[in-house]
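Trainee: My questions will all concern the structure given below.
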Amino acid sequence: MLHAFVNSIDPYFLQILVNIGIGITLALGLNIITGLTGQLSLGHAAFMSVGAFTGALLTLKTGTPFYLNLLLSGLFSAAVAALIGWPILRLTGDYLAICTLGFAEIVKVVFLNLEITNKALGLTVPTPTSALPMPVIVLMVAILAIVASVLIQNSRFGRALKAIRDDEIAAESVGINIARYKVQSFAVSAFMAGVGGCLYAHFLGYINPSDFGFLKSIDMLSMVVLGGLGSIPGAVFGASILSAAPEFLRFMSQYRMLVYGALLVFLMVFRPNGLLGGVNLTDLVLRKLGIRRHGATRNQEGSQ
Amino acid sequence: MFLQQLINGIALGSTYALIALGYTMVYGIIALINFAHGEIFMVGAFVGLLMVGVFKLNIFLAMACAMIFCMVLGVVIEFIAYRPLRKSSRLSALISAIGVSIFLSSLALMVFGANAKGFPEQAFSSRQIHIGNADISTLQLLIIGVSAALMIGLEFIVQKTKIGKAMRATSEDYNTAALMGVNVNFVISFTFALGSALAAAGGVLVGMLFNAVSFNMGLMAGLKAFAAAVLGGIGSIPGAMLGGLLLGVTEVFGVAIGYSSYRDAIAFAILVLVLLVRPTGLLGRKVMTKV
């Protein structure tokens, strides 16, 4: 039934929808380390790459169920993140950023040379034969990612991360174990990137290590910053716009990337805090419905 | 063999250093990672190529034209894309820089096409010189010479002139410099002009070294030069020179001992390892945080 329904949708539209779903998962993952914890990562595509290749290899070599592969590729990415996060997360600011960038380039080059990832030829991944059609799985994962992000943000863990973002020294002085929380947040963030990568691999059917280069990391970062750093609706919004933008700009054919670049500059110049930065969406909705009085703002989420 | 590879490494490394200087100067003054810098390098290479190929200029004149063009380009980019964002979060400026970078590389793709173009033969007739058992081309010597001259010139401007003093003051403390009557807007524009000119010279030199100029040459060169700047300690001018040379030499030796397929990873591996031992780079100052 569901298969029939999905098949009746225009495949082009479906593809845009799936791109948005994967984009949301990736953007929310990056939002945890960069938006919530304030640690700039310029190499998040590496975790997506690790997740994509883990998922693809599991499907190709072991034939384990797709849902298990999805989980395992996330977990493997998280493990890699924890492993490299432990030494590099003690670096501050831009030194950390360039280190993550360097790590991503190293991962790319290593995958381009490994036998198991089929070197520069890449892997062809079969579409999983699961109970649900791929687009439905992608949307479910995206929704799960949104729910998980909201839960994390409002938990004790999330508050500790925000404290680290706002003032590391103050956070440390009230007893927050900075090193541990940073590594944990990096791992959670990489988990989502890994899951996103696994979805990407199985939906597209073909992956190549070069797909996960610097530009992919930048894509993810643009989604988060454009929407409004640290804001969950912002990340969802930014991911939706930027995942769909190349398709909507397709009518301009060769001018597409030109306009995309100019658009990034103009959006930043006119909305420096991102489209939804400093906007408290729940508050706005409640106020419009007349449930909460004007001016009764709780806190400025993502107003950084 | 050793001498040969060393010269190859220094020639490559000095071009990295030229680009890295632009990153480090801009970072030192407004703490922005100028991701468009790699594309300015690419534009410089194209302008140099045009000057040699179409207007039949001498290679040095072509390089000067490329430098002047990129100076203007750098200042215009700063004015349009970074100046309005100076008071907002640093990430916004970073995304804006990335937007400029995407814009410039797709513009180059449209104007010049996807194929790499080479410098014409008569641009610089390179000869081989034998020193011991090493074959060194005069092109490599030209690259090393021009880079060294430009770096000495930069060092003179920064250390001995009035605008150089203003640059150092602004990088030390932006607000205090402004209070002391330094025209910080002019200093920032001047820094962008200087950095872009060096990148353009680097672009022409790299274009001749590999005999290939293409729309996407800016990305990897820019990333490696940025790595070089961070390796030396970002914000430090001697650090950028040292970092560039070090990365160039390591890369060439890495390729020589048989890791050619890992070429692009070598620079970053060195960077990550050095940062783990010295978290602010080789010559970077340790910043103390006061509570």
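By convention here, the chains of the structure tokens are called A, B, ... in the order presented, each chain's residues are numbered starting at 1, and ligands are numbered starting at 1 in the order presented.
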Sorted by chain and rising residue number, list the residues of chain A at most 8 Å from chain B (counting only C-alpha atoms), each with its closest atom pair and distance in Å to one decimal, as CSV.

Mentor:
residue,atom,partner,partner_atom,distance
A:Pro87,CA,B:Leu276,CA,7.1
A:Ile88,CA,B:Leu276,CA,6.9
A:Leu91,CA,B:Pro279,CA,6.0
A:Tyr95,CA,B:Thr280,CA,7.1
A:Ile98,CA,B:Ala227,CA,7.0
A:Cys99,CA,B:Val272,CA,5.7
A:Gly102,CA,B:Phe268,CA,4.8
A:Phe103,CA,B:Phe268,CA,7.2
A:Glu105,CA,B:Ala265,CA,6.2
A:Ile106,CA,B:Ala265,CA,4.9
A:Val109,CA,B:Ala265,CA,6.1
A:Val110,CA,B:Tyr262,CA,7.3
A:Asn113,CA,B:Ser261,CA,7.2
A:Ile169,CA,B:Val291,CA,7.5
A:Ile218,CA,B:Ile98,CA,7.9
A:Ser222,CA,B:Ile95,CA,6.3
A:Val225,CA,B:Ser92,CA,6.8
A:Gln254,CA,B:Met110,CA,7.3
A:Tyr255,CA,B:Ser106,CA,7.9
A:Met257,CA,B:Ser106,CA,6.1
A:Leu258,CA,B:Phe103,CA,4.7
A:Val259,CA,B:Phe103,CA,7.2
A:Tyr260,CA,B:Phe103,CA,7.4
A:Gly261,CA,B:Gly99,CA,4.1
A:Ala262,CA,B:Gly99,CA,6.0
A:Leu263,CA,B:Gly99,CA,7.4
A:Leu264,CA,B:Gly99,CA,5.0
A:Val265,CA,B:Ser96,CA,4.5
A:Phe266,CA,B:Ser96,CA,7.9
A:Met268,CA,B:Ser92,CA,5.9
A:Val269,CA,B:Pro84,CA,6.1
A:Pro272,CA,B:Ser92,CA,5.7
A:Asn273,CA,B:Ser92,CA,7.0
A:Gly274,CA,B:Ser92,CA,7.9
A:Gln304,CA,B:Ser89,CA,7.5

Trainee: If DSSP is run on the backbone, what residues of range 34-271 of chain B are alpha helix (DSSP H)? A reply as number ranges by chain would be ideal.

Mentor: B: 37-53, 59-77, 90-112, 138-160, 162-172, 174-179, 184-210, 217-232, 237-256, 263-271

Trainee: CA of Ala148 in chain B to CA of Ala11 in chain B: how many Å, to one decimal?

Mentor: 10.4 Å

Trainee: So how far away is CA of Arg271 in chain A from CA of Val76 in chain B, in Å?

Mentor: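 About the pair CA of Val76 in chain B and CA of Arg271 in chain A: they are 20.5 Å apart.
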
Trainee: Tell me which of B:Val187, B:Ala229, B:Ala178, B:Ile40 sits closest to Ile77 in chain B, counting only C-alpha atoms.

Mentor: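 Smallest separation from Ile77 in chain B among the options: B:Ile40.
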
Trainee: Between CA of Ile30 in chain B and CA of Gly284 in chain B, what is the distance, to one decimal in Å?

Mentor: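 Answer for the CA of Ile30 in chain B to CA of Gly284 in chain B separation: 16.4 Å.
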
Trainee: Using only C-alpha atoms, which protein or nucleic acid residues come within 12 Å of Ala17 in chain B? Drop anything in the same chain fewer than 4 positions from it, and give the result as number ranges by chain.

Mentor: B: 9-13, 21-24, 143-144, 147-148, 150-151, 195, 198-199, 201-203, 206, 221-222, 224-232, 236-249

Trainee: Using C-alpha atoms, can you export the residues from the last selection as an mmCIF file, in the first residue's frame?

Mentor:
data_model
loop_
_atom_site.group_PDB
_atom_site.id
_atom_site.type_symbol
_atom_site.label_atom_id
_atom_site.label_comp_id
_atom_site.auth_asym_id
_atom_site.auth_seq_id
_atom_site.Cartn_x
_atom_site.Cartn_y
_atom_site.Cartn_z
ATOM 1 C CA GLY B 9 60.156 21.197 -2.233
ATOM 2 C CA ILE B 10 61.337 24.747 -1.658
ATOM 3 C CA ALA B 11 59.890 25.887 -4.996
ATOM 4 C CA LEU B 12 56.497 24.364 -4.171
ATOM 5 C CA GLY B 13 56.689 25.480 -0.555
ATOM 6 C CA LEU B 21 50.731 35.068 3.991
ATOM 7 C CA GLY B 22 47.384 36.428 2.807
ATOM 8 C CA TYR B 23 45.479 34.112 5.152
ATOM 9 C CA THR B 24 47.644 34.930 8.097
ATOM 10 C CA ILE B 143 59.869 30.894 -8.441
ATOM 11 C CA ILE B 144 62.140 30.817 -5.417
ATOM 12 C CA SER B 147 58.830 34.550 -3.777
ATOM 13 C CA ALA B 148 61.823 35.561 -1.705
ATOM 14 C CA LEU B 150 58.087 39.482 -2.488
ATOM 15 C CA MET B 151 58.452 38.239 1.073
ATOM 16 C CA GLY B 195 47.468 39.567 0.678
ATOM 17 C CA LEU B 198 50.823 37.944 -3.024
ATOM 18 C CA ALA B 199 48.212 35.299 -3.851
ATOM 19 C CA ALA B 201 51.838 36.266 -7.782
ATOM 20 C CA GLY B 202 51.600 32.775 -6.292
ATOM 21 C CA GLY B 203 48.912 31.914 -8.829
ATOM 22 C CA VAL B 206 52.046 27.847 -9.693
ATOM 23 C CA ALA B 221 45.939 25.160 -2.954
ATOM 24 C CA GLY B 222 43.899 27.403 -0.667
ATOM 25 C CA LYS B 224 46.956 23.649 1.916
ATOM 26 C CA ALA B 225 48.097 27.241 2.249
ATOM 27 C CA PHE B 226 45.634 27.702 5.074
ATOM 28 C CA ALA B 227 47.088 24.579 6.680
ATOM 29 C CA ALA B 228 50.537 26.135 6.235
ATOM 30 C CA ALA B 229 49.397 29.351 7.916
ATOM 31 C CA VAL B 230 47.973 27.439 10.866
ATOM 32 C CA LEU B 231 51.042 25.200 11.065
ATOM 33 C CA GLY B 232 53.263 28.248 11.459
ATOM 34 C CA SER B 236 52.321 35.262 12.447
ATOM 35 C CA ILE B 237 54.020 36.370 9.196
ATOM 36 C CA PRO B 238 57.301 34.442 9.676
ATOM 37 C CA GLY B 239 55.132 31.512 10.748
ATOM 38 C CA ALA B 240 53.325 31.478 7.405
ATOM 39 C CA MET B 241 56.639 31.470 5.516
ATOM 40 C CA LEU B 242 58.028 28.663 7.661
ATOM 41 C CA GLY B 243 54.794 26.670 7.496
ATOM 42 C CA GLY B 244 54.587 26.975 3.710
ATOM 43 C CA LEU B 245 58.172 25.854 3.156
ATOM 44 C CA LEU B 246 57.796 22.995 5.618
ATOM 45 C CA LEU B 247 54.616 21.683 3.980
ATOM 46 C CA GLY B 248 56.075 22.003 0.484
ATOM 47 C CA VAL B 249 59.276 20.167 1.375
#
